[in-house]
$ cat structure.csv   # CSV, C-alpha atoms
chain,number,residue,atom,x,y,z
A,1,MET,CA,88.9,120.2,63.2
A,2,THR,CA,92.1,118.9,64.9
A,3,PHE,CA,91.4,117.1,68.1
A,4,PRO,CA,94.4,117.1,70.5
A,5,ASP,CA,96.1,113.9,71.8
A,6,ARG,CA,97.9,115.3,74.8
A,7,TYR,CA,97.0,117.1,78.0
A,8,SER,CA,99.3,120.0,78.3
A,9,SER,CA,99.2,119.8,82.1
A,10,LEU,CA,100.4,116.2,82.3
A,11,LYS,CA,103.9,114.9,81.8
A,12,GLU,CA,103.3,111.3,80.9
A,13,ASN,CA,99.8,111.2,79.1
A,14,VAL,CA,100.2,107.5,78.4
A,15,TYR,CA,100.0,104.9,81.2
A,16,ILE,CA,100.7,101.2,80.5
A,17,GLU,CA,100.1,97.9,82.3
A,18,GLY,CA,100.8,94.8,80.2
A,19,ASP,CA,98.5,94.9,77.2
A,20,PHE,CA,96.4,97.8,78.5
A,21,ARG,CA,96.9,101.5,78.2
A,22,LEU,CA,95.2,104.8,79.3
A,23,ILE,CA,95.7,107.5,76.7
A,24,PRO,CA,94.0,110.9,76.5
A,25,ILE,CA,90.5,110.3,75.2
A,26,ARG,CA,90.3,110.0,71.4
A,27,PHE,CA,87.7,111.8,69.3
A,28,GLU,CA,87.4,108.6,67.2
A,29,ASP,CA,86.1,106.7,70.3
A,30,ARG,CA,83.1,109.1,70.9
A,31,THR,CA,80.5,106.9,69.1
A,32,ILE,CA,81.4,103.6,70.8
A,33,ILE,CA,81.5,105.4,74.2
A,34,MET,CA,78.0,106.9,73.5
A,35,LYS,CA,76.8,103.4,72.7
A,36,TRP,CA,78.1,102.0,76.0
A,37,ARG,CA,76.7,104.9,78.0
A,38,ASN,CA,73.3,104.4,76.5
A,39,GLU,CA,73.4,100.7,77.2
A,40,GLN,CA,74.5,101.3,80.8
A,41,VAL,CA,72.4,104.4,81.6
A,42,TYR,CA,70.8,102.6,84.6
A,43,HIS,CA,73.9,103.1,86.7
A,44,LEU,CA,75.0,106.5,85.3
A,45,ARG,CA,74.1,110.0,86.3
A,46,GLN,CA,72.9,110.6,82.8
A,47,VAL,CA,69.4,111.9,82.0
A,48,GLY,CA,68.0,110.1,78.9
A,49,PHE,CA,69.9,108.7,76.0
A,50,LEU,CA,72.7,110.4,74.1
A,51,THR,CA,72.5,111.2,70.4
A,52,GLU,CA,75.4,111.5,68.0
A,53,SER,CA,75.0,115.2,67.9
A,54,ASP,CA,75.0,115.4,71.7
A,55,GLN,CA,78.2,113.4,71.9
A,56,GLU,CA,80.0,115.4,69.2
A,57,ARG,CA,79.0,118.7,70.8
A,58,TYR,CA,80.2,117.4,74.1
A,59,PHE,CA,83.6,116.4,72.7
A,60,VAL,CA,84.1,119.6,70.9
A,61,ASP,CA,82.8,122.1,73.5
A,62,VAL,CA,83.6,120.4,76.7
A,63,VAL,CA,86.3,117.8,76.2
A,64,ARG,CA,88.6,119.5,73.7
A,65,PRO,CA,89.3,122.6,75.9
A,66,LEU,CA,90.4,120.4,78.8
A,67,PHE,CA,93.6,119.5,76.8
A,68,TYR,CA,94.8,123.1,76.9
A,69,HIS,CA,93.9,124.0,80.5
A,70,ASP,CA,96.6,124.3,83.2
A,71,LYS,CA,94.2,122.9,85.8
A,72,PRO,CA,91.3,121.2,84.1
A,73,SER,CA,88.2,120.1,86.0
A,74,GLN,CA,88.6,116.6,84.7
A,75,TYR,CA,90.9,114.2,82.8
A,76,LEU,CA,89.3,111.7,80.5
A,77,PHE,CA,91.0,108.7,78.9
A,78,SER,CA,90.4,106.0,76.4
A,79,TYR,CA,91.1,102.6,78.0
A,80,LEU,CA,92.8,100.4,75.3
A,81,LYS,CA,93.7,96.8,74.8
A,82,GLY,CA,96.4,97.1,72.1
A,83,ASP,CA,94.9,99.9,69.9
A,84,ILE,CA,91.2,98.9,70.5
A,85,CYS,CA,89.2,101.1,72.9
A,86,ILE,CA,87.4,98.8,75.4
A,87,GLY,CA,86.4,101.4,77.9
A,88,TYR,CA,86.8,105.0,79.0
A,89,GLY,CA,87.0,106.9,82.2
A,90,GLY,CA,89.1,109.3,84.3
A,91,LEU,CA,89.2,111.8,87.1
A,92,VAL,CA,86.1,114.0,87.2
A,93,HIS,CA,84.9,116.8,89.5
A,94,ILE,CA,88.5,117.6,90.5
A,95,ASN,CA,88.6,119.8,93.6
A,96,ARG,CA,91.9,121.6,93.6
A,97,THR,CA,91.3,123.3,96.9
A,98,ASP,CA,90.7,120.1,98.9
A,99,ASN,CA,92.9,118.0,96.5
A,100,HIS,CA,90.5,115.2,95.7
A,101,SER,CA,88.6,113.8,92.7
A,102,GLU,CA,85.9,111.4,91.8
A,103,ILE,CA,86.8,108.4,89.6
A,104,SER,CA,84.6,107.5,86.6
A,105,PHE,CA,84.9,104.4,84.4
A,106,ILE,CA,82.7,102.3,82.1
A,107,MET,CA,83.8,99.4,79.9
A,108,ASN,CA,82.5,97.7,76.7
A,109,THR,CA,79.2,96.3,77.8
A,110,GLU,CA,80.0,92.9,76.3
A,111,LEU,CA,82.9,92.5,78.7
A,112,GLU,CA,80.9,93.1,81.9
A,113,ASN,CA,79.8,89.5,82.5
A,114,SER,CA,83.2,87.8,82.1
A,115,GLU,CA,85.8,90.5,82.8
A,116,PHE,CA,84.2,93.2,85.0
A,117,GLU,CA,86.5,93.0,88.0
A,118,TYR,CA,89.6,92.4,86.0
A,119,HIS,CA,89.2,95.6,83.9
A,120,TRP,CA,88.0,97.7,86.9
A,121,CYS,CA,91.1,96.7,88.8
A,122,THR,CA,93.4,97.4,85.9
A,123,PHE,CA,91.8,100.8,85.3
A,124,LEU,CA,92.1,101.7,89.0
A,125,ARG,CA,95.8,100.9,89.1
A,126,LEU,CA,96.4,103.0,86.1
A,127,ILE,CA,94.2,106.0,87.1
A,128,GLN,CA,96.0,106.1,90.5
A,129,ARG,CA,99.2,106.8,88.7
A,130,VAL,CA,97.6,109.9,87.1
A,131,ALA,CA,95.9,111.0,90.4
A,132,PHE,CA,98.8,110.4,92.8
A,133,ASP,CA,102.0,110.6,90.6
A,134,GLU,CA,101.1,113.2,88.1
A,135,ILE,CA,98.6,115.5,89.8
A,136,GLY,CA,99.5,114.9,93.4
A,137,LEU,CA,96.0,114.5,94.6
A,138,HIS,CA,95.4,113.5,98.3
A,139,LYS,CA,92.3,111.5,97.8
A,140,ILE,CA,90.3,109.7,95.1
A,141,PHE,CA,86.8,108.2,95.4
A,142,THR,CA,83.9,106.5,93.7
A,143,TYR,CA,80.3,107.5,93.9
A,144,ALA,CA,78.2,104.5,92.9
A,145,TYR,CA,74.5,103.6,93.1
A,146,ASN,CA,74.1,100.4,95.1
A,147,LEU,CA,73.4,98.3,92.0
A,148,ARG,CA,76.7,96.5,91.2
A,149,PRO,CA,78.3,94.5,94.0
A,150,ARG,CA,81.1,93.3,91.7
A,151,LEU,CA,82.3,96.9,91.6
A,152,TYR,CA,82.8,96.9,95.4
A,153,ARG,CA,84.9,93.7,95.2
A,154,ALA,CA,87.2,95.3,92.6
A,155,LEU,CA,87.5,98.5,94.8
A,156,LEU,CA,88.4,96.5,97.9
A,157,GLU,CA,90.9,94.4,96.0
A,158,THR,CA,92.7,97.5,94.9
A,159,LYS,CA,92.8,98.7,98.6
A,160,PHE,CA,90.0,101.3,98.4
A,161,VAL,CA,88.0,101.5,101.6
A,162,HIS,CA,84.2,101.7,102.0
A,163,GLU,CA,84.0,105.1,103.5
A,164,ALA,CA,80.2,105.7,103.6
A,165,THR,CA,76.8,104.6,102.6
A,166,LEU,CA,74.4,107.4,101.8
A,167,LYS,CA,71.0,105.9,102.7
A,168,GLN,CA,68.2,106.3,100.1
A,169,HIS,CA,70.2,109.0,98.5
A,170,CYS,CA,69.0,108.9,95.0
A,171,LYS,CA,65.6,108.3,93.3
A,172,LEU,CA,65.7,105.8,90.5
A,173,ASP,CA,62.7,104.4,88.7
A,174,ASN,CA,60.5,105.7,91.6
A,175,ASN,CA,62.6,103.9,94.2
A,176,TYR,CA,65.1,105.5,96.6
A,177,ILE,CA,68.5,103.7,96.5
A,178,ASP,CA,71.7,103.9,98.5
A,179,VAL,CA,74.9,105.4,97.2
A,180,LEU,CA,78.2,103.9,98.3
A,181,ILE,CA,81.4,105.9,98.6
A,182,HIS,CA,84.7,104.1,98.3
A,183,SER,CA,88.0,106.0,98.6
A,184,LYS,CA,91.7,105.8,98.7
A,185,MET,CA,94.2,108.3,100.1
A,186,ASN,CA,97.7,108.9,98.9
A,187,THR,CA,99.1,108.1,102.3
A,188,LEU,CA,102.8,107.3,102.9
A,189,SER,CA,104.0,104.3,104.9
A,190,LEU,CA,107.2,102.6,106.0
A,191,ARG,CA,107.9,98.9,105.6
A,192,LEU,CA,110.9,96.7,106.3
A,193,ALA,CA,113.4,96.6,103.4
A,194,ASN,CA,113.9,93.2,101.6
A,195,ARG,CA,116.1,91.6,99.0
A,196,GLU,CA,113.9,93.0,96.2
A,197,ASP,CA,114.9,96.6,97.2
A,198,VAL,CA,118.6,96.1,96.4
A,199,GLU,CA,118.4,97.5,92.9
A,200,ILE,CA,116.6,100.7,93.9
A,201,SER,CA,118.8,101.2,96.9
A,202,PHE,CA,121.9,101.0,94.6
A,203,THR,CA,120.3,103.5,92.3
A,204,TRP,CA,119.8,105.9,95.2
A,205,ALA,CA,123.3,105.3,96.6
A,206,SER,CA,124.9,106.0,93.2
A,207,ASP,CA,122.9,109.2,92.5
A,208,PRO,CA,125.3,112.2,92.7
A,209,SER,CA,122.5,114.5,93.9
A,210,ILE,CA,122.0,112.2,96.9
A,211,ARG,CA,125.6,111.2,97.5
A,212,LYS,CA,126.8,114.7,97.8
A,213,TYR,CA,125.3,114.9,101.3
A,214,SER,CA,126.7,111.5,102.3
A,215,PHE,CA,129.6,111.3,104.7
A,216,ASN,CA,131.2,108.7,102.5
A,217,LYS,CA,131.5,110.1,99.0
A,218,ASN,CA,133.5,107.3,97.5
A,219,LEU,CA,132.1,105.6,94.5
A,220,ILE,CA,130.7,102.1,95.1
A,221,THR,CA,130.3,99.1,92.8
A,222,LYS,CA,127.0,97.2,92.5
A,223,GLN,CA,128.8,94.2,93.9
A,224,GLU,CA,130.0,96.1,97.0
A,225,HIS,CA,126.6,97.7,97.5
A,226,THR,CA,124.8,94.3,97.2
A,227,LYS,CA,127.0,92.7,99.8
A,228,TRP,CA,126.6,95.7,102.2
A,229,PHE,CA,122.8,95.8,101.7
A,230,LEU,CA,122.2,92.1,102.3
A,231,ASN,CA,124.4,92.3,105.5
A,232,LYS,CA,122.2,95.2,106.7
A,233,LEU,CA,119.1,93.1,106.2
A,234,LYS,CA,120.5,90.4,108.5
A,235,ASP,CA,122.0,92.8,111.1
A,236,GLN,CA,120.1,92.6,114.4
A,237,ASN,CA,121.4,96.1,115.2
A,238,CYS,CA,119.9,97.7,112.1
A,239,ILE,CA,116.3,98.6,111.2
A,240,TYR,CA,116.1,99.3,107.5
A,241,LEU,CA,112.8,100.8,106.1
A,242,ILE,CA,111.5,101.8,102.7
A,243,LEU,CA,109.1,104.7,102.2
A,244,GLU,CA,106.2,104.0,99.9
A,245,ASP,CA,103.1,105.8,98.7
A,246,ALA,CA,99.6,104.4,98.2
A,247,ILE,CA,100.5,102.7,94.9
A,248,ASN,CA,103.8,101.2,96.2
A,249,ASN,CA,106.1,103.7,94.5
A,250,LYS,CA,109.4,103.6,96.4
A,251,LEU,CA,110.2,107.1,97.5
A,252,GLY,CA,113.2,106.8,99.7
A,253,SER,CA,114.6,104.9,102.7
A,254,ILE,CA,115.5,105.4,106.3
A,255,ARG,CA,117.8,103.3,108.4
A,256,ILE,CA,118.8,103.3,112.1
A,257,ASP,CA,121.9,101.5,113.3
A,258,ARG,CA,122.6,100.8,117.0
A,259,ASP,CA,125.6,102.5,118.4
A,260,ASN,CA,125.9,101.5,122.1
A,261,ASP,CA,122.9,103.2,123.7
A,262,SER,CA,121.8,105.3,120.7
A,263,TRP,CA,120.6,104.7,117.1
A,264,ILE,CA,122.1,106.5,114.2
A,265,ILE,CA,119.7,107.8,111.5
A,266,SER,CA,120.5,107.6,107.8
A,267,TYR,CA,117.8,108.6,105.3
A,268,LEU,CA,117.4,109.6,101.7
A,269,ILE,CA,114.7,110.6,99.3
A,270,ASP,CA,114.6,109.7,95.6
A,271,ARG,CA,115.5,112.8,93.7
A,272,LYS,CA,112.3,112.5,91.6
A,273,TYR,CA,110.4,113.4,94.8
A,274,HIS,CA,112.6,116.1,96.2
A,275,GLY,CA,110.8,119.3,97.2
A,276,ARG,CA,107.7,117.6,98.5
A,277,GLY,CA,108.4,117.6,102.2
A,278,LEU,CA,109.2,113.9,102.3
A,279,GLY,CA,112.2,114.3,104.5
A,280,THR,CA,110.0,115.6,107.3
A,281,GLN,CA,107.5,112.9,106.7
A,282,ILE,CA,109.9,110.0,106.6
A,283,LEU,CA,111.4,111.0,110.0
A,284,ARG,CA,107.9,111.4,111.5
A,285,LEU,CA,106.9,108.0,110.2
A,286,LEU,CA,110.1,106.6,111.7
A,287,GLU,CA,109.0,107.9,115.1
A,288,ASP,CA,105.6,106.4,114.6
A,289,TYR,CA,107.2,103.0,113.6
A,290,ILE,CA,109.2,103.0,116.8
A,291,ILE,CA,106.2,103.7,119.0
A,292,VAL,CA,103.9,101.2,117.2
A,293,ASN,CA,106.5,98.5,117.4
A,294,GLN,CA,107.0,99.3,121.1
A,295,LEU,CA,110.7,100.1,120.7
A,296,ASN,CA,110.5,102.4,123.6
A,297,ARG,CA,113.0,104.9,124.9
A,298,ILE,CA,115.2,104.9,121.8
A,299,LEU,CA,117.7,107.7,121.6
A,300,LEU,CA,117.8,108.8,117.9
A,301,VAL,CA,120.9,110.6,116.7
A,302,GLY,CA,121.3,112.4,113.4
A,303,TYR,CA,124.6,113.7,111.9
A,304,VAL,CA,124.1,116.3,109.1
A,305,LEU,CA,126.7,117.9,107.0
A,306,LYS,CA,126.7,121.7,107.6
A,307,GLU,CA,126.0,122.4,103.9
A,308,ASN,CA,122.8,120.3,104.0
A,309,SER,CA,120.7,123.1,105.2
A,310,ALA,CA,117.4,121.4,104.2
A,311,SER,CA,118.1,118.4,106.4
A,312,ILE,CA,119.2,120.7,109.3
A,313,ARG,CA,115.9,122.5,109.1
A,314,ILE,CA,114.0,119.2,109.2
A,315,PHE,CA,115.7,118.1,112.4
A,316,GLU,CA,115.1,121.5,114.0
A,317,LYS,CA,111.4,121.4,112.9
A,318,LEU,CA,110.9,118.0,114.5
A,319,ASP,CA,112.3,119.2,117.8
A,320,TYR,CA,115.6,117.4,117.7
A,321,LYS,CA,118.1,118.9,120.1
A,322,LYS,CA,121.3,120.3,118.5
A,323,ILE,CA,124.2,118.9,120.6
A,324,VAL,CA,127.3,120.0,118.9
A,325,GLU,CA,128.7,121.5,115.7
A,326,GLU,CA,131.8,119.8,114.6
A,327,ASN,CA,134.1,120.7,111.7
A,328,GLU,CA,131.9,119.4,109.0
A,329,SER,CA,128.7,118.3,110.7
A,330,VAL,CA,125.9,119.1,113.1
A,331,LYS,CA,124.7,116.5,115.7
A,332,PHE,CA,121.0,116.2,116.6
A,333,ILE,CA,119.4,113.9,119.2
A,334,LYS,CA,115.9,113.1,120.2
A,335,GLU,CA,114.5,110.5,122.7
A,336,ILE,CA,111.4,108.6,121.6
A,337,LYS,CA,109.5,107.4,124.7
$ encode --input "structure.csv" --output "structure tokens"
Amino acid sequence: MTFPDRYSSLKENVYIEGDFRLIPIRFEDRTIIMKWRNEQVYHLRQVGFLTESDQERYFVDVVRPLFYHDKPSQYLFSYLKGDICIGYGGLVHINRTDNHSEISFIMNTELENSEFEYHWCTFLRLIQRVAFDEIGLHKIFTYAYNLRPRLYRALLETKFVHEATLKQHCKLDNNYIDVLIHSKMNTLSLRLANREDVEISFTWASDPSIRKYSFNKNLITKQEHTKWFLNKLKDQNCIYLILEDAINNKLGSIRIDRDNDSWIISYLIDRKYHGRGLGTQILRLLEDYIIVNQLNRILLVGYVLKENSASIRIFEKLDYKKIVEENESVKFIKEIK
């Protein structure tokens, strides 16, 4: 029997952080995974101990078909250090309607005493790339018996939030125990740009697919851009913001520059994320940023090239008032109170 090594529904399939990798679960790891599950059955929703025949049947009948499915109900991965499997886990009970999934992970039992939080944190950072970058899930969560407080420390360290405690929710060894739910949503946020953003901002500014909608289409050098960028960071009449997702991917930028009594908007979205509605979201977040930071009664002005129909629709959708159509552009205004 040939066991696949790639999920047809994923682009990347391999996710790396330092010496550690997530790869599609390997058939060769089934026996060691069975051993760990039997050793740690106390915290798993597993009835009894697994046998080798149970495990082989599960890999052949349940896991193998997942690799060929367009929208599998779960993605399972071997967690490796080098080429050695030291854990396994993935996204399980994926709900495509509500766009969320539970996270599951166990590690080599021998590592739990000394490296528990370290490997949980590493795994969580890697699995978020699958959940948020690859699949585009809105929310991921853990469902855990209240038996391992070290797990909650790892979850909080990776910015999961304690969402709920289900009191006496499960019966274990004739005792009713609580279940804790921790979750993380793929929310977007704006933060102030800093010197470390100069490289990505130059990449964006040099991208032909982005620059074609810029008023200044002249090619720029990295030296020119760096000087301009650093000056913008120091400019008291400029607010320069970076759009990030829950795992700190830089998705785009938005800038407002004071022009007498108004502020001129300039924004862009990384082409990798085009088509996801981020133009609308970045402008909404800008308005939220202005209100939260009490920059009241700001008049925002947007100039859009007439051929940039997508951006024109965004301004119209967000109730910007169209003031005038000039030869090449359309002017929009909106007062934020």
$ residues_around --input "structure.csv" --residues "A:Glu325" --least-positions-apart "2" --cutoff "10 Å" --atoms "all atoms listed in the file" --output "list in words"
Tyr303, Val304, Leu305, Lys306, Lys322, Ile323, Asn327, Glu328, Ser329, Val330, Lys331 and Phe332 of chain A
$ closest_residue --input "structure.csv" --among "A:Ala131, A:Leu91, A:Leu192, A:Leu299" --to "A:Cys238" --atoms "all atoms listed in the file"
A:Leu192
$ residues_around --input "structure.csv" --residues "A:Leu156" --least-positions-apart "2" --cutoff "12 Å" --atoms "all atoms listed in the file" --output "VMD selection string"
chain A and resid 117 120 to 121 124 142 149 to 154 158 to 163 181 to 184
$ residues_around --input "structure.csv" --residues "stretch 9-11 of chain A" --least-positions-apart "5" --cutoff "9 Å" --atoms "all atoms listed in the file" --output "PyMOL selection string"
chain A and resi 67-72+130+134-135
$ closest_residue --input "structure.csv" --among "A:Glu224, A:Glu335, A:Glu39, A:Glu316" --to "A:Asp261" --atoms "only C-alpha atoms"
A:Glu335
$ atom_distance --input "structure.csv" --atom1 "atom CA of A:Ser73" --atom2 "atom CA of A:His93"
5.8 Å
$ residues_near_point --input "structure.csv" --point "(108.9, 108.8, 109.1)" --cutoff "10 Å" --atoms "all atoms listed in the file" --output "list in words"
Leu188, Ser189, Leu190, Leu241, Ile242, Leu243, Ser253, Ile254, Tyr267, Leu278, Gly279, Thr280, Gln281, Ile282, Leu283, Arg284, Leu285, Leu286, Glu287, Asp288, Tyr289 and Ile290 of chain A
$ atom_distance --input "structure.csv" --atom1 "atom CA of A:His225" --atom2 "atom CA of A:Arg195"
12.2 Å
$ closest_residue --input "structure.csv" --among "A:Ser53, A:Asn231, A:Ser114, A:Ser311" --to "A:Gly275" --atoms "all atoms listed in the file"
A:Ser311
$ atom_distance --input "structure.csv" --atom1 "atom CA of A:Arg148" --atom2 "atom CA of A:Ile177"
12.1 Å
$ residues_around --input "structure.csv" --residues "A:Glu110" --least-positions-apart "3" --cutoff "12 Å" --atoms "only C-alpha atoms" --output "VMD selection string"
chain A and resid 35 to 36 39 to 40 86 to 87 106 to 107 113 to 116
$ closest_residue --input "structure.csv" --among "A:Asn249, A:Asn194, A:Asn99, A:Asn308" --to "A:Asp133" --atoms "only C-alpha atoms"
A:Asn249
$ residues_around --input "structure.csv" --residues "stretch 227-229 of chain A" --least-positions-apart "6" --cutoff "9 Å" --atoms "all atoms listed in the file" --output "ChimeraX atom specification"
/A:195,198,201-202
$ closest_residue --input "structure.csv" --among "A:Tyr240, A:Trp263, A:Tyr58, A:Tyr273" --to "A:Ile336" --atoms "all atoms listed in the file"
A:Trp263
$ closest_residue --input "structure.csv" --among "A:Ile23, A:Ile333, A:Ala144, A:Val292" --to "A:His169" --atoms "only C-alpha atoms"
A:Ala144
$ build_atoms --input "structure.csv" --residues "stretch 282-302 of chain A" --atoms "N, CA, C and O atoms" --output "tab-separated table (two decimals), in the coordinates of the input"
chain	number	residue	atom	x	y	z
A	282	ILE	N	109.30	111.29	106.39
A	282	ILE	CA	109.90	110.00	106.60
A	282	ILE	C	110.45	109.92	108.08
A	282	ILE	O	110.40	108.86	108.72
A	283	LEU	N	110.91	111.04	108.63
A	283	LEU	CA	111.40	111.00	110.00
A	283	LEU	C	110.18	110.92	110.98
A	283	LEU	O	110.26	110.24	112.01
A	284	ARG	N	109.07	111.56	110.67
A	284	ARG	CA	107.90	111.40	111.50
A	284	ARG	C	107.38	109.96	111.48
A	284	ARG	O	106.99	109.41	112.52
A	285	LEU	N	107.39	109.36	110.29
A	285	LEU	CA	106.90	108.00	110.20
A	285	LEU	C	107.89	107.04	110.94
A	285	LEU	O	107.45	106.01	111.50
A	286	LEU	N	109.17	107.36	110.96
A	286	LEU	CA	110.10	106.60	111.70
A	286	LEU	C	109.74	106.60	113.22
A	286	LEU	O	109.72	105.56	113.90
A	287	GLU	N	109.42	107.78	113.72
A	287	GLU	CA	109.00	107.90	115.10
A	287	GLU	C	107.75	107.09	115.38
A	287	GLU	O	107.64	106.40	116.41
A	288	ASP	N	106.79	107.16	114.46
A	288	ASP	CA	105.60	106.40	114.60
A	288	ASP	C	105.88	104.88	114.61
A	288	ASP	O	105.30	104.10	115.39
A	289	TYR	N	106.79	104.46	113.72
A	289	TYR	CA	107.20	103.00	113.60
A	289	TYR	C	107.76	102.57	114.96
A	289	TYR	O	107.45	101.47	115.44
A	290	ILE	N	108.60	103.37	115.55
A	290	ILE	CA	109.20	103.00	116.80
A	290	ILE	C	108.18	102.84	117.91
A	290	ILE	O	108.20	101.88	118.69
A	291	ILE	N	107.21	103.76	117.96
A	291	ILE	CA	106.20	103.70	119.00
A	291	ILE	C	105.24	102.51	118.77
A	291	ILE	O	104.94	101.76	119.70
A	292	VAL	N	104.79	102.32	117.52
A	292	VAL	CA	103.90	101.20	117.20
A	292	VAL	C	104.48	99.88	117.51
A	292	VAL	O	103.81	98.96	117.99
A	293	ASN	N	105.77	99.76	117.22
A	293	ASN	CA	106.50	98.50	117.40
A	293	ASN	C	107.06	98.39	118.85
A	293	ASN	O	107.84	97.48	119.12
A	294	GLN	N	106.68	99.34	119.69
A	294	GLN	CA	107.00	99.30	121.10
A	294	GLN	C	108.55	99.24	121.33
A	294	GLN	O	109.04	98.57	122.23
A	295	LEU	N	109.29	99.96	120.48
A	295	LEU	CA	110.70	100.10	120.70
A	295	LEU	C	110.99	101.30	121.52
A	295	LEU	O	111.55	102.31	121.08
A	296	ASN	N	110.53	101.23	122.76
A	296	ASN	CA	110.50	102.40	123.60
A	296	ASN	C	111.83	102.88	124.08
A	296	ASN	O	112.79	102.12	124.16
A	297	ARG	N	111.87	104.18	124.40
A	297	ARG	CA	113.00	104.90	124.90
A	297	ARG	C	114.26	104.65	124.06
A	297	ARG	O	115.35	104.23	124.50
A	298	ILE	N	114.07	104.95	122.80
A	298	ILE	CA	115.20	104.90	121.80
A	298	ILE	C	115.73	106.34	121.72
A	298	ILE	O	114.98	107.30	121.54
A	299	LEU	N	117.03	106.45	121.79
A	299	LEU	CA	117.70	107.70	121.60
A	299	LEU	C	118.14	107.79	120.10
A	299	LEU	O	119.04	107.05	119.70
A	300	LEU	N	117.49	108.64	119.32
A	300	LEU	CA	117.80	108.80	117.90
A	300	LEU	C	118.91	109.88	117.78
A	300	LEU	O	118.83	110.94	118.43
A	301	VAL	N	119.87	109.63	116.91
A	301	VAL	CA	120.90	110.60	116.70
A	301	VAL	C	121.07	110.81	115.17
A	301	VAL	O	121.10	109.85	114.38
A	302	GLY	N	121.11	112.07	114.79
A	302	GLY	CA	121.30	112.40	113.40
A	302	GLY	C	122.53	113.27	113.20
A	302	GLY	O	122.70	114.27	113.91
